[in-house]
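Data first, discussion second: the structure below is written as structure tokens.
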Amino acid sequence: MDSAEYERKIAHRFAAFDQDGNGYIDRADFNAAAARLLAEFGTTARCDKGQALYTGAEAFWQGMAGIADVDGDQRVTREEFVGGAVKRLRDSPERFAEIARPFLRAAIAVADGDGLGAAVPAVERALRVLGADAGTAQLAARTLDADGDGRITEGQAVSAFADYFTVIAPDA
């Protein structure tokens with residue numbers, strides 16, 4: 001895949017973060033994603049899991065802003081996101097995974113009903129709440145369960161997340 005195609009893919013992924021569709025990513029997008037996940041799973045914002053999700057969303061936002069907010073206005077435009085991803089993340093998927101880890105850990109915990117890892121259907125629900133269409137959410141959730149045990153762990157989610165945003169490969 002050439003650089004222009006990679007930049008197109010990354011720009012498309014921008015939409016997944018721009019939850020309100022206003023043309024930029026900011027703290028409110030991360031908070032909105034956390035609120036929707038909590039509502040979907042009947043979890044209150046004030047409980048430990050809710051607080052962890054909001055803390056993870058803030059950490060993720062701060063990491064994203066640190067990588068991509070070039071002008072320091074506390075907003076990441078599509079161009080900044082594409083530039084940040086291409087310039088800083090292409091060679092280091094692990095870095096992106098680490099800024100996402102606290103949010104993903106907390107999201108898995110919210111979707112996890114029994115402490116054994118989130119069940120595939122729960123992750124599918126979470127992905128739909130975050131904006132994936134039903135078919136994509138189903139395929140992604142099943143693909144995340146690489147070991148076929150019906151559960152998705154933090155490690156599986158973090159690895160897949162990094163790959164999705166930083167691996168240069170054609171979309172399936």
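Ligands are numbered from 1 in the order shown, chains are lettered A, B, ... in the order of the structure tokens, and residues start at 1 in each chain.
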Could you go through stretch 22-147 of chain A and tell me which residues DSSP, when run on the backbone, assigns to helix (DSSP H, G or I), listing them as a ChimeraX atom specification? /A:27-40,48-68,78-89,93-111,120-129,134-144
Can you write just those residues out, C-alpha atoms, as a compact mmCIF listing (two decimals), in the first residue's frame?
# COMPACT_ATOMS: atom_id res chain seq x y z
CA ARG A 27 -12.01 15.63 24.88
CA ALA A 28 -15.79 15.71 24.43
CA ASP A 29 -15.59 12.93 21.83
CA PHE A 30 -13.81 10.66 24.30
CA ASN A 31 -16.24 11.52 27.10
CA ALA A 32 -19.20 10.87 24.79
CA ALA A 33 -17.81 7.45 23.89
CA ALA A 34 -17.38 6.62 27.58
CA ALA A 35 -20.90 7.79 28.42
CA ARG A 36 -22.44 5.68 25.66
CA LEU A 37 -20.55 2.58 26.78
CA LEU A 38 -21.64 3.06 30.38
CA ALA A 39 -25.26 3.54 29.35
CA GLU A 40 -25.21 0.46 27.11
CA ASP A 48 -15.21 2.07 40.03
CA LYS A 49 -15.69 0.80 36.46
CA GLY A 50 -17.29 4.07 35.39
CA GLN A 51 -14.52 6.14 36.92
CA ALA A 52 -11.89 3.91 35.30
CA LEU A 53 -13.55 4.36 31.91
CA TYR A 54 -13.62 8.16 32.19
CA THR A 55 -10.02 8.18 33.46
CA GLY A 56 -9.04 5.94 30.53
CA ALA A 57 -10.87 8.22 28.10
CA GLU A 58 -8.99 11.23 29.47
CA ALA A 59 -5.64 9.42 29.23
CA PHE A 60 -6.45 8.39 25.68
CA TRP A 61 -7.40 11.95 24.77
CA GLN A 62 -4.21 13.34 26.32
CA GLY A 63 -2.12 10.79 24.43
CA MET A 64 -3.90 11.54 21.17
CA ALA A 65 -3.49 15.27 21.66
CA GLY A 66 0.18 14.81 22.49
CA ILE A 67 0.75 12.91 19.27
CA ALA A 68 -1.43 14.84 16.86
CA ARG A 78 -8.48 15.46 10.30
CA GLU A 79 -5.23 16.80 8.84
CA GLU A 80 -3.49 16.71 12.23
CA PHE A 81 -4.75 13.17 12.82
CA VAL A 82 -3.51 11.99 9.42
CA GLY A 83 -0.18 13.75 9.91
CA GLY A 84 0.24 12.46 13.46
CA ALA A 85 -0.63 8.92 12.50
CA VAL A 86 1.55 8.84 9.43
CA LYS A 87 4.55 10.60 10.94
CA ARG A 88 4.56 9.25 14.47
CA LEU A 89 2.60 6.01 14.59
CA PRO A 93 2.20 0.76 16.71
CA GLU A 94 3.11 -0.05 20.31
CA ARG A 95 3.09 3.63 21.21
CA PHE A 96 -0.46 4.06 19.98
CA ALA A 97 -1.52 0.90 21.75
CA GLU A 98 -0.13 2.20 25.02
CA ILE A 99 -2.05 5.47 24.87
CA ALA A 100 -5.24 3.49 24.20
CA ARG A 101 -4.59 0.79 26.82
CA PRO A 102 -6.24 2.47 29.86
CA PHE A 103 -9.44 3.14 27.90
CA LEU A 104 -9.51 -0.33 26.36
CA ARG A 105 -8.84 -1.97 29.73
CA ALA A 106 -11.73 -0.07 31.27
CA ALA A 107 -14.04 -0.70 28.30
CA ILE A 108 -13.34 -4.44 28.51
CA ALA A 109 -14.08 -4.31 32.25
CA VAL A 110 -17.40 -2.53 31.64
CA ALA A 111 -18.39 -5.14 29.06
CA VAL A 120 -17.63 -11.76 22.19
CA PRO A 121 -21.30 -10.62 22.06
CA ALA A 122 -20.59 -7.91 24.67
CA VAL A 123 -17.65 -6.60 22.66
CA GLU A 124 -19.85 -6.62 19.57
CA ARG A 125 -22.37 -4.47 21.48
CA ALA A 126 -19.62 -2.10 22.58
CA LEU A 127 -18.35 -1.69 19.03
CA ARG A 128 -21.85 -0.90 17.77
CA VAL A 129 -22.29 1.69 20.51
CA ALA A 134 -23.64 -4.37 12.89
CA GLY A 135 -21.73 -6.46 10.33
CA THR A 136 -18.39 -4.83 11.06
CA ALA A 137 -18.93 -5.08 14.82
CA GLN A 138 -19.76 -8.79 14.56
CA LEU A 139 -16.75 -9.58 12.35
CA ALA A 140 -14.39 -7.51 14.50
CA ALA A 141 -15.54 -9.06 17.77
CA ARG A 142 -15.16 -12.58 16.43
CA THR A 143 -11.76 -11.77 14.95
CA LEU A 144 -10.56 -10.30 18.27
DSSP strand (DSSP E) residues within chain A, listed as an NGL selection string: :A and (24-25 or 76-77 or 118-119 or 151-152)
Tell me which of A:Asp112, A:Glu7, A:Asp73, A:Asp163 sits closest to A:Gly150, counting only C-alpha atoms.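 The shortest atom-to-atom distance to A:Gly150 comes from A:Asp112.
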Rounded to one decimal place, report the atom CA of A:Glu154-atom CA of A:Cys47 distance in Å.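 Result for atom CA of A:Glu154 versus atom CA of A:Cys47: 20.1 Å, one decimal.
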Name the closest residue to A:Ala132 among the candidates A:Ala4, A:Ala16, A:Val158, A:Ala11; distances are taken between atoms, counting only C-alpha atoms.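 When distances to A:Ala132 are compared using only C-alpha atoms, the smallest one comes from A:Ala16.
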